[in-house]
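Heads up, the thing below is written out as structure tokens.
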Amino acid sequence: MIPDDQVDEVKARADIVDVISEFVPLKKAGKEYKANCPFHEERTPSFCVVPAKGFYKCFGCGASGDVFGFLMEHVGMEFVDAVKHVAARTGVEIREVTRDRDDEDPNRPLYEANAFAESWFTQQLLDETAGVEARNYLQNRGLDPDTWERFGLGWAPDDWRGLREAAGRHGIDDDVLLTVGLLTTSEKSTEPYDRFRGRVVFPIHALGGRVVGFGGRVLGDGQPKYLNSPETPIYHKGEILYGLDRSRHPIRRQESALVVEGYMDLVSLAAAGFEHVVAPLGTALTEEQAGLLRRYTQRVLLLFDSDKAGQRATFRSADVLLAVGLRPFVVTLPPGEDPDTLVRGAGPEALQRCLDDAVDVLDRKLQILDQHDYFSTIDRRRDAVDRLLPTLRAVADPALRDIYLGQVAERTGVRRETLEAEMERADSAGRAASARTPSRSRPSEAGPGRPGRPDRRGRLAARMGPVAALLRVLAQDRERRVEHIEYILDRIGPEDFKNTAERSIFQAFVDDPELERPPGGMDAALAEALERLLAAEDDPDALGAGGRILHDSVSRLAENRLYEEMQRIQGAIEATGDDDEKRRLIREKQRVRSEAAALGIRWGPAAKKHARGFNESNGGP
């Protein structure tokens, strides 16, 4: 039996046109597709596929159904086989559970904990006393109660254990709340406490509709401004787009998707009537997220901030979209405006004018380079080519790549053949670097916590150690510091910083992400170390590959901690003779395994030997 939530997810992700086209030659007719019906003989096409609604219907014989029904009726598949067939095409990994043992679904308690939390946060928002500050904030942002209800908005009171105690009264264990990231821990407290406190809460839904995580927006000037659920067994932020569960059908109807930076932008635009909008979840747009959009549209409009950081995010995202075959367009907002402020201040019509003026990403790059006089001299034209090459290399559509090459050749005066040679040289260098880099999915011969030979992007972490490299990135990459801090806090805690000085310096960045000098009252030796860090000459690795360096550093720190925890648990299993205690420890070890899997950690051979433990040596599962 396949759990209902997975059936819903597969169906939501399925491209019914793509699946049916494997068996029936469909032709586009407006927003629908038509063909001669495969279920009866006919000369005039009456078989219709409606992608926006995910169903097919024949107006001749009356046959109709969804993507699974077509495979069952036309191919003769059983329901489970049909779901698996579509899942394989959409990249959804199917898990099956025994029919009479619903409790064997290992993620069911996690979904239930999130559903409880969503309800509790909503209750707090609507509570006459507890939610007054949050309600005032939302109303001042132009959001009415109907919008709160549509998006399930809630409020996490500034209370250390309000959610924990409420969940405990409903029989939800701390272990489950820790696993889904609703609770967190620190070395300052002996007990877990609520992760979200003093924040407006935005539940994050998978395509099937279930809550998989949360985002929280602080009221006032607290930091970080936005706090997100960490990676968990049911929540992988790089594989989900906020709002897509609601917007996928409007995206199909509009034949385009709007991509904004955050929760508030999305909710505000949806409240103003722009339903075809999605947002990444606190990270740069990923290939998996771009692949999700490709199921519903070919045209993507990017509405990021117009400052330098927003421009970089725009062009990084555009390259990801191009690489999966999508057409990215750049929306230019008035100076100082973001989508939320524009639609609230000037109305939906002002935003619509900006959408109507959206330009292709390459056109926008050429405009910006022209504005900054990049085509005036030979030297600057050479720099312009370097800035345009990433987009040329990214585009997957052969026809579009040809058009892009023609435009760049004409604008820079560089022959197409030379541009193609430059692209090939860069691609070859990238392939060579990838070949030298051990895959995260392969065990490293160096063992856990000691990665093998780093690639060029990993030089900083290898040279300095993971914590020192992490701090260097935070010191130098000021424009993405908040994003980096949130990424780190989602995955590791203070206990992972073994050195108290490094921990204190990291805490200084957490307390003030705009930090430019040591805070007052800091120990003199620490202040001197932080001053050196902030004043250090820019390191190209730290600025150019900060995200990858953080990923590698955080992964190494988390892997070390989990490996040590696995060893401790295994030692306790081998030392105890109490069967109940062994079972408890085995459950604890399974929790550690789940946490490691959620972080993408693959144990090396040495770790696997210790991690197998009681289960395999004693014939356990």
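Naming scheme: A, B, ... for chains in displayed order of the structure tokens; residues 1 onward per chain; ligands 1 onward as shown.
Near Glu337 in chain A, within 10 Å and counting only C-alpha atoms, sit Phe304, Asp305, Ser306, Asp307, Thr332, Leu342, Val343 and Gly345 of chain A, not including residues fewer than 5 positions from it in the same chain.
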Neighbour list for Val385 in chain A as JSON, numbers by chain, cut-off 12 Å, only C-alpha atoms, skip fewer than 4 positions in-chain:
{"A": [365, 366, 369, 374, 375, 378, 379, 380, 381, 389, 390, 391, 392, 393, 405, 407, 408, 409, 410, 411, 412, 413, 414, 415, 416, 418, 419, 420, 422, 423]}
In range 218-323 of chain A, DSSP strand (DSSP E) residues written as an mmCIF file with N, CA and C atoms, in the first residue's frame:
data_model
loop_
_atom_site.group_PDB
_atom_site.id
_atom_site.type_symbol
_atom_site.label_atom_id
_atom_site.label_comp_id
_atom_site.auth_asym_id
_atom_site.auth_seq_id
_atom_site.Cartn_x
_atom_site.Cartn_y
_atom_site.Cartn_z
ATOM 1 N N VAL A 218 10.267 37.327 12.359
ATOM 2 C CA VAL A 218 10.323 37.982 13.660
ATOM 3 C C VAL A 218 9.616 39.339 13.590
ATOM 4 N N TYR A 226 14.218 36.046 9.297
ATOM 5 C CA TYR A 226 13.415 34.863 8.989
ATOM 6 C C TYR A 226 14.129 33.632 9.531
ATOM 7 N N LEU A 227 13.376 32.757 10.140
ATOM 8 C CA LEU A 227 13.909 31.496 10.665
ATOM 9 C C LEU A 227 13.104 30.364 10.050
ATOM 10 N N ASN A 228 13.800 29.358 9.525
ATOM 11 C CA ASN A 228 13.127 28.260 8.840
ATOM 12 C C ASN A 228 13.333 26.943 9.562
ATOM 13 N N ALA A 257 5.087 31.692 -14.327
ATOM 14 C CA ALA A 257 5.212 31.679 -12.868
ATOM 15 C C ALA A 257 5.985 32.908 -12.427
ATOM 16 N N LEU A 258 5.561 33.511 -11.329
ATOM 17 C CA LEU A 258 6.290 34.604 -10.708
ATOM 18 C C LEU A 258 7.109 34.024 -9.556
ATOM 19 N N VAL A 259 8.389 34.323 -9.498
ATOM 20 C CA VAL A 259 9.246 33.850 -8.414
ATOM 21 C C VAL A 259 9.693 35.060 -7.595
ATOM 22 N N VAL A 260 9.324 35.058 -6.310
ATOM 23 C CA VAL A 260 9.700 36.141 -5.399
ATOM 24 C C VAL A 260 10.629 35.580 -4.334
ATOM 25 N N VAL A 277 2.298 32.550 -8.135
ATOM 26 C CA VAL A 277 3.547 32.996 -7.530
ATOM 27 C C VAL A 277 4.095 31.936 -6.590
ATOM 28 N N VAL A 278 5.410 31.776 -6.573
ATOM 29 C CA VAL A 278 6.105 30.839 -5.691
ATOM 30 C C VAL A 278 7.330 31.535 -5.123
ATOM 31 N N ARG A 299 7.684 29.631 -18.906
ATOM 32 C CA ARG A 299 8.028 31.056 -18.744
ATOM 33 C C ARG A 299 8.042 31.414 -17.258
ATOM 34 N N VAL A 300 9.181 31.921 -16.767
ATOM 35 C CA VAL A 300 9.342 32.247 -15.350
ATOM 36 C C VAL A 300 9.793 33.697 -15.226
ATOM 37 N N LEU A 301 9.081 34.488 -14.434
ATOM 38 C CA LEU A 301 9.413 35.894 -14.206
ATOM 39 C C LEU A 301 10.019 36.038 -12.817
ATOM 40 N N LEU A 302 11.214 36.616 -12.745
ATOM 41 C CA LEU A 302 11.951 36.751 -11.489
ATOM 42 C C LEU A 302 11.737 38.146 -10.921
ATOM 43 N N LEU A 303 11.212 38.208 -9.682
ATOM 44 C CA LEU A 303 10.906 39.491 -9.033
ATOM 45 C C LEU A 303 11.716 39.623 -7.750
#
Have a look at A:Leu244, A:Ala309, A:Leu177, A:Leu138 and name the one nearest to Glu165 in chain A; count only C-alpha atoms.
A:Leu177
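Counting only C-alpha atoms and comparing A:Leu322, A:Leu557, A:Ala272, A:Met522, the residue that lies closest to Ala346 in chain A is A:Ala272.
The coordinates place CA of His372 in chain A at 21.5 Å from CA of Asp319 in chain A.
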Neighbour list for Val200 in chain A as a list in words, cut-off 6 Å, only C-alpha atoms, skip fewer than 6 positions in-chain:
Gly154, Trp155, Gly216 and Arg217 of chain A
Expected file: the selected residues, all heavy atoms, as a PDB file, in the first residue's frame:
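Ended up saving to again04.pdb:
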ATOM      1  N   GLY A 154       0.074  31.801  11.277  1.00  0.00           N
ATOM      2  CA  GLY A 154      -0.060  31.616  12.722  1.00  0.00           C
ATOM      3  C   GLY A 154       0.883  32.529  13.474  1.00  0.00           C
ATOM      4  O   GLY A 154       1.566  33.389  12.913  1.00  0.00           O
ATOM      5  N   TRP A 155       0.915  32.318  14.779  1.00  0.00           N
ATOM      6  CA  TRP A 155       1.747  33.133  15.659  1.00  0.00           C
ATOM      7  C   TRP A 155       2.405  32.226  16.693  1.00  0.00           C
ATOM      8  O   TRP A 155       1.748  31.383  17.300  1.00  0.00           O
ATOM      9  CB  TRP A 155       0.903  34.192  16.353  1.00  0.00           C
ATOM     10  CG  TRP A 155       1.549  34.914  17.509  1.00  0.00           C
ATOM     11  CD1 TRP A 155       1.155  34.894  18.815  1.00  0.00           C
ATOM     12  CD2 TRP A 155       2.698  35.777  17.444  1.00  0.00           C
ATOM     13  NE1 TRP A 155       1.973  35.686  19.582  1.00  0.00           N
ATOM     14  CE2 TRP A 155       2.946  36.242  18.762  1.00  0.00           C
ATOM     15  CE3 TRP A 155       3.532  36.187  16.417  1.00  0.00           C
ATOM     16  CZ2 TRP A 155       3.992  37.106  19.057  1.00  0.00           C
ATOM     17  CZ3 TRP A 155       4.580  37.046  16.715  1.00  0.00           C
ATOM     18  CH2 TRP A 155       4.801  37.493  18.020  1.00  0.00           C
ATOM     19  N   GLY A 216       9.366  31.382   9.994  1.00  0.00           N
ATOM     20  CA  GLY A 216       8.909  32.346  10.994  1.00  0.00           C
ATOM     21  C   GLY A 216       9.522  33.711  10.767  1.00  0.00           C
ATOM     22  O   GLY A 216      10.753  33.836  10.614  1.00  0.00           O
ATOM     23  N   ARG A 217       8.698  34.763  10.757  1.00  0.00           N
ATOM     24  CA  ARG A 217       9.154  36.131  10.550  1.00  0.00           C
ATOM     25  C   ARG A 217       9.092  36.853  11.893  1.00  0.00           C
ATOM     26  O   ARG A 217       8.044  36.961  12.507  1.00  0.00           O
ATOM     27  CB  ARG A 217       8.251  36.826   9.529  1.00  0.00           C
ATOM     28  CG  ARG A 217       8.890  37.993   8.785  1.00  0.00           C
ATOM     29  CD  ARG A 217       8.903  39.269   9.565  1.00  0.00           C
ATOM     30  NE  ARG A 217       9.355  40.389   8.735  1.00  0.00           N
ATOM     31  CZ  ARG A 217       9.778  41.546   9.224  1.00  0.00           C
ATOM     32  NH1 ARG A 217       9.828  41.749  10.546  1.00  0.00           N
ATOM     33  NH2 ARG A 217      10.164  42.513   8.417  1.00  0.00           N
TER      34      ARG A 217
END
Surrounding residues of Pro224 in chain A excluding itself and chain neighbours under 3 positions, 8 Å, only C-alpha atoms, as a list in words:
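Counting only C-alpha atoms, the residues come to Val218, Leu227, Val482, Ile485, Glu486, Val510 and Pro513 of chain A.
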Please write the residues from the selection above to a file, keeping all heavy atoms, as a PDB file, in the first residue's frame.
ATOM      1  N   VAL A 218      10.267  37.327  12.359  1.00  0.00           N
ATOM      2  CA  VAL A 218      10.323  37.982  13.660  1.00  0.00           C
ATOM      3  C   VAL A 218       9.616  39.339  13.590  1.00  0.00           C
ATOM      4  O   VAL A 218       9.615  40.002  12.553  1.00  0.00           O
ATOM      5  CB  VAL A 218      11.793  38.151  14.119  1.00  0.00           C
ATOM      6  CG1 VAL A 218      12.493  39.211  13.295  1.00  0.00           C
ATOM      7  CG2 VAL A 218      11.862  38.462  15.607  1.00  0.00           C
ATOM      8  N   LEU A 227      13.376  32.757  10.140  1.00  0.00           N
ATOM      9  CA  LEU A 227      13.909  31.496  10.665  1.00  0.00           C
ATOM     10  C   LEU A 227      13.104  30.364  10.050  1.00  0.00           C
ATOM     11  O   LEU A 227      11.868  30.407  10.034  1.00  0.00           O
ATOM     12  CB  LEU A 227      13.778  31.462  12.190  1.00  0.00           C
ATOM     13  CG  LEU A 227      14.329  30.225  12.901  1.00  0.00           C
ATOM     14  CD1 LEU A 227      15.837  30.131  12.722  1.00  0.00           C
ATOM     15  CD2 LEU A 227      13.975  30.266  14.384  1.00  0.00           C
ATOM     16  N   VAL A 482      23.188  36.996   6.244  1.00  0.00           N
ATOM     17  CA  VAL A 482      21.964  36.528   6.911  1.00  0.00           C
ATOM     18  C   VAL A 482      21.565  35.156   6.373  1.00  0.00           C
ATOM     19  O   VAL A 482      21.237  34.238   7.131  1.00  0.00           O
ATOM     20  CB  VAL A 482      20.816  37.540   6.731  1.00  0.00           C
ATOM     21  CG1 VAL A 482      19.507  36.954   7.229  1.00  0.00           C
ATOM     22  CG2 VAL A 482      21.133  38.836   7.474  1.00  0.00           C
ATOM     23  N   ILE A 485      23.941  32.562   7.769  1.00  0.00           N
ATOM     24  CA  ILE A 485      23.704  32.273   9.188  1.00  0.00           C
ATOM     25  C   ILE A 485      22.493  31.364   9.351  1.00  0.00           C
ATOM     26  O   ILE A 485      22.514  30.399  10.142  1.00  0.00           O
ATOM     27  CB  ILE A 485      23.522  33.585   9.982  1.00  0.00           C
ATOM     28  CG1 ILE A 485      24.861  34.327  10.091  1.00  0.00           C
ATOM     29  CG2 ILE A 485      22.971  33.308  11.378  1.00  0.00           C
ATOM     30  CD1 ILE A 485      24.748  35.721  10.675  1.00  0.00           C
ATOM     31  N   GLU A 486      21.423  31.636   8.607  1.00  0.00           N
ATOM     32  CA  GLU A 486      20.236  30.789   8.697  1.00  0.00           C
ATOM     33  C   GLU A 486      20.561  29.368   8.247  1.00  0.00           C
ATOM     34  O   GLU A 486      20.109  28.393   8.850  1.00  0.00           O
ATOM     35  CB  GLU A 486      19.111  31.379   7.842  1.00  0.00           C
ATOM     36  CG  GLU A 486      18.531  32.667   8.423  1.00  0.00           C
ATOM     37  CD  GLU A 486      17.329  33.155   7.632  1.00  0.00           C
ATOM     38  OE1 GLU A 486      16.933  32.478   6.665  1.00  0.00           O
ATOM     39  OE2 GLU A 486      16.777  34.206   7.988  1.00  0.00           O
ATOM     40  N   VAL A 510      25.757  36.015  14.712  1.00  0.00           N
ATOM     41  CA  VAL A 510      24.331  35.696  14.882  1.00  0.00           C
ATOM     42  C   VAL A 510      23.605  36.865  15.528  1.00  0.00           C
ATOM     43  O   VAL A 510      22.503  37.251  15.111  1.00  0.00           O
ATOM     44  CB  VAL A 510      24.159  34.416  15.723  1.00  0.00           C
ATOM     45  CG1 VAL A 510      22.682  34.179  16.037  1.00  0.00           C
ATOM     46  CG2 VAL A 510      24.729  33.208  14.991  1.00  0.00           C
ATOM     47  N   PRO A 513      24.007  40.401  12.338  1.00  0.00           N
ATOM     48  CA  PRO A 513      24.458  40.029  10.987  1.00  0.00           C
ATOM     49  C   PRO A 513      25.076  41.190  10.196  1.00  0.00           C
ATOM     50  O   PRO A 513      25.726  40.948   9.184  1.00  0.00           O
ATOM     51  CB  PRO A 513      23.175  39.523  10.322  1.00  0.00           C
ATOM     52  CG  PRO A 513      22.306  39.094  11.447  1.00  0.00           C
ATOM     53  CD  PRO A 513      22.596  40.071  12.544  1.00  0.00           C
TER      54      PRO A 513
END
Per residue of range 63-176 of chain A within 12 Å of range 284-295 of chain A, what are the shortest atom pair and its distance in Å to one decimal, counting only C-alpha atoms, with rows by chain and residue number, as a tab-separated table?
residue	atom	partner	partner_atom	distance
A:Arg89	CA	A:Arg295	CA	11.3
A:Thr90	CA	A:Leu292	CA	9.0
A:Gly91	CA	A:Glu288	CA	9.6
A:Val92	CA	A:Glu288	CA	11.5
Quick one: residues within 12 Å of Pro145 in chain A, only C-alpha atoms counted, chain neighbours fewer than 6 positions away excluded, as a CSV table (one decimal) with N, CA and C atoms, in the first residue's frame?
chain,number,residue,atom,x,y,z
A,122,THR,N,-2.1,28.7,14.7
A,122,THR,CA,-3.3,29.4,14.2
A,122,THR,C,-4.1,29.9,15.4
A,125,LEU,N,-2.6,32.9,17.0
A,125,LEU,CA,-2.8,34.1,16.2
A,125,LEU,C,-4.2,34.7,16.5
A,126,LEU,N,-5.2,33.8,16.6
A,126,LEU,CA,-6.6,34.2,16.8
A,126,LEU,C,-6.9,34.5,18.3
A,134,ALA,N,0.7,40.2,16.7
A,134,ALA,CA,0.8,39.6,15.4
A,134,ALA,C,-0.3,40.0,14.4
A,135,ARG,N,-1.6,40.1,14.9
A,135,ARG,CA,-2.7,40.5,14.1
A,135,ARG,C,-2.5,41.9,13.6
A,136,ASN,N,-2.0,42.8,14.5
A,136,ASN,CA,-1.8,44.2,14.2
A,136,ASN,C,-0.7,44.3,13.1
A,137,TYR,N,0.3,43.5,13.2
A,137,TYR,CA,1.4,43.5,12.2
A,137,TYR,C,0.9,43.1,10.9
A,138,LEU,N,0.1,42.0,10.8
A,138,LEU,CA,-0.4,41.5,9.5
A,138,LEU,C,-1.4,42.5,8.9
A,139,GLN,N,-2.2,43.1,9.7
A,139,GLN,CA,-3.2,44.1,9.2
A,139,GLN,C,-2.4,45.3,8.7
A,151,PHE,N,-3.7,31.0,3.9
A,151,PHE,CA,-2.3,30.5,3.9
A,151,PHE,C,-1.9,29.9,5.3
A,152,GLY,N,-2.9,29.7,6.1
A,152,GLY,CA,-2.7,29.0,7.4
A,152,GLY,C,-1.7,29.8,8.3
A,153,LEU,N,-1.7,31.1,8.2
A,153,LEU,CA,-0.7,31.9,9.0
A,153,LEU,C,-1.0,31.7,10.5
A,154,GLY,N,0.1,31.8,11.3
A,154,GLY,CA,-0.1,31.6,12.7
A,154,GLY,C,0.9,32.5,13.5
A,271,ALA,N,-2.7,37.9,-2.2
A,271,ALA,CA,-3.8,38.7,-1.7
A,271,ALA,C,-4.2,39.7,-2.7
Please provide the set of residues having any atom within 8 Å of range 6-21 of chain A, restricted to only C-alpha atoms, with same-chain residues fewer than 4 positions apart removed, written as a ChimeraX atom specification.
/A:2,25-26,33,49,51,54-55,66-67,70,83,86-87,89-90,92,94,206-209,292,295-296
Kindly save the residues from that selection, with N, CA and C atoms included, as an mmCIF file, in the first residue's frame.
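So part26.cif came out as:
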data_model
loop_
_atom_site.group_PDB
_atom_site.id
_atom_site.type_symbol
_atom_site.label_atom_id
_atom_site.label_comp_id
_atom_site.auth_asym_id
_atom_site.auth_seq_id
_atom_site.Cartn_x
_atom_site.Cartn_y
_atom_site.Cartn_z
ATOM 1 N N ILE A 2 0.553 2.196 -0.858
ATOM 2 C CA ILE A 2 1.280 3.460 -0.912
ATOM 3 C C ILE A 2 0.510 4.496 -0.100
ATOM 4 N N PRO A 25 -0.592 10.286 -29.615
ATOM 5 C CA PRO A 25 -0.018 11.514 -30.203
ATOM 6 C C PRO A 25 -0.941 12.712 -29.982
ATOM 7 N N LEU A 26 -0.625 13.513 -28.993
ATOM 8 C CA LEU A 26 -1.466 14.660 -28.652
ATOM 9 C C LEU A 26 -1.054 15.892 -29.452
ATOM 10 N N TYR A 33 -5.134 19.659 -24.973
ATOM 11 C CA TYR A 33 -4.498 18.802 -25.979
ATOM 12 C C TYR A 33 -5.544 17.807 -26.471
ATOM 13 N N VAL A 49 -7.219 16.251 -23.281
ATOM 14 C CA VAL A 49 -6.421 16.255 -22.042
ATOM 15 C C VAL A 49 -6.328 17.684 -21.549
ATOM 16 N N PRO A 51 -4.394 19.774 -18.957
ATOM 17 C CA PRO A 51 -3.298 19.746 -17.988
ATOM 18 C C PRO A 51 -3.552 20.593 -16.751
ATOM 19 N N GLY A 54 -5.526 18.312 -14.690
ATOM 20 C CA GLY A 54 -4.945 16.991 -14.490
ATOM 21 C C GLY A 54 -5.856 15.835 -14.846
ATOM 22 N N PHE A 55 -6.727 15.997 -15.873
ATOM 23 C CA PHE A 55 -7.590 14.872 -16.243
ATOM 24 C C PHE A 55 -7.743 14.800 -17.761
ATOM 25 N N ASP A 66 -7.926 10.484 -14.264
ATOM 26 C CA ASP A 66 -6.677 11.188 -14.035
ATOM 27 C C ASP A 66 -5.532 10.399 -14.649
ATOM 28 N N VAL A 67 -4.310 10.787 -14.345
ATOM 29 C CA VAL A 67 -3.148 10.160 -14.957
ATOM 30 C C VAL A 67 -3.049 8.685 -14.593
ATOM 31 N N PHE A 70 -5.722 6.657 -16.582
ATOM 32 C CA PHE A 70 -5.359 6.397 -17.973
ATOM 33 C C PHE A 70 -4.469 5.165 -18.076
ATOM 34 N N VAL A 83 0.883 4.218 -10.048
ATOM 35 C CA VAL A 83 1.511 5.250 -9.206
ATOM 36 C C VAL A 83 3.029 5.157 -9.296
ATOM 37 N N VAL A 86 4.350 6.542 -12.670
ATOM 38 C CA VAL A 86 4.374 8.003 -12.733
ATOM 39 C C VAL A 86 5.430 8.552 -11.776
ATOM 40 N N ALA A 87 5.568 7.921 -10.606
ATOM 41 C CA ALA A 87 6.560 8.382 -9.627
ATOM 42 C C ALA A 87 7.964 8.322 -10.206
ATOM 43 N N ARG A 89 8.826 8.756 -13.219
ATOM 44 C CA ARG A 89 9.010 9.855 -14.172
ATOM 45 C C ARG A 89 9.140 11.197 -13.470
ATOM 46 N N THR A 90 8.589 11.304 -12.261
ATOM 47 C CA THR A 90 8.583 12.594 -11.558
ATOM 48 C C THR A 90 9.646 12.691 -10.489
ATOM 49 N N VAL A 92 9.753 11.026 -7.582
ATOM 50 C CA VAL A 92 9.272 10.793 -6.220
ATOM 51 C C VAL A 92 9.653 9.375 -5.799
ATOM 52 N N ILE A 94 9.037 6.225 -3.792
ATOM 53 C CA ILE A 94 7.848 5.614 -3.188
ATOM 54 C C ILE A 94 8.243 4.716 -2.022
ATOM 55 N N ALA A 206 3.774 20.509 1.258
ATOM 56 C CA ALA A 206 4.198 19.739 0.094
ATOM 57 C C ALA A 206 3.078 19.780 -0.942
ATOM 58 N N LEU A 207 3.378 19.313 -2.142
ATOM 59 C CA LEU A 207 2.370 19.351 -3.199
ATOM 60 C C LEU A 207 1.121 18.577 -2.826
ATOM 61 N N GLY A 208 1.288 17.528 -2.024
ATOM 62 C CA GLY A 208 0.127 16.753 -1.597
ATOM 63 C C GLY A 208 -0.720 17.440 -0.560
ATOM 64 N N GLY A 209 -0.247 18.565 -0.011
ATOM 65 C CA GLY A 209 -1.038 19.331 0.949
ATOM 66 C C GLY A 209 -0.586 19.221 2.388
ATOM 67 N N LEU A 292 10.520 21.449 -10.788
ATOM 68 C CA LEU A 292 9.108 21.504 -10.407
ATOM 69 C C LEU A 292 8.358 22.521 -11.268
ATOM 70 N N ARG A 295 7.216 21.579 -14.828
ATOM 71 C CA ARG A 295 6.033 20.736 -15.019
ATOM 72 C C ARG A 295 4.791 21.565 -15.342
ATOM 73 N N TYR A 296 4.855 22.867 -15.048
ATOM 74 C CA TYR A 296 3.644 23.670 -15.166
ATOM 75 C C TYR A 296 3.767 24.822 -16.162
#
Those of range 80-181 of chain A in DSSP alpha helix (DSSP H), formatted as a ChimeraX atom specification
/A:80-90,108-126,132-140,145-151,162-169,174-179
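Considering only C-alpha atoms, the residue among A:Leu562, A:Ala399, A:Asp580, A:Ala508 positioned nearest to Gly325 in chain A is A:Ala399.
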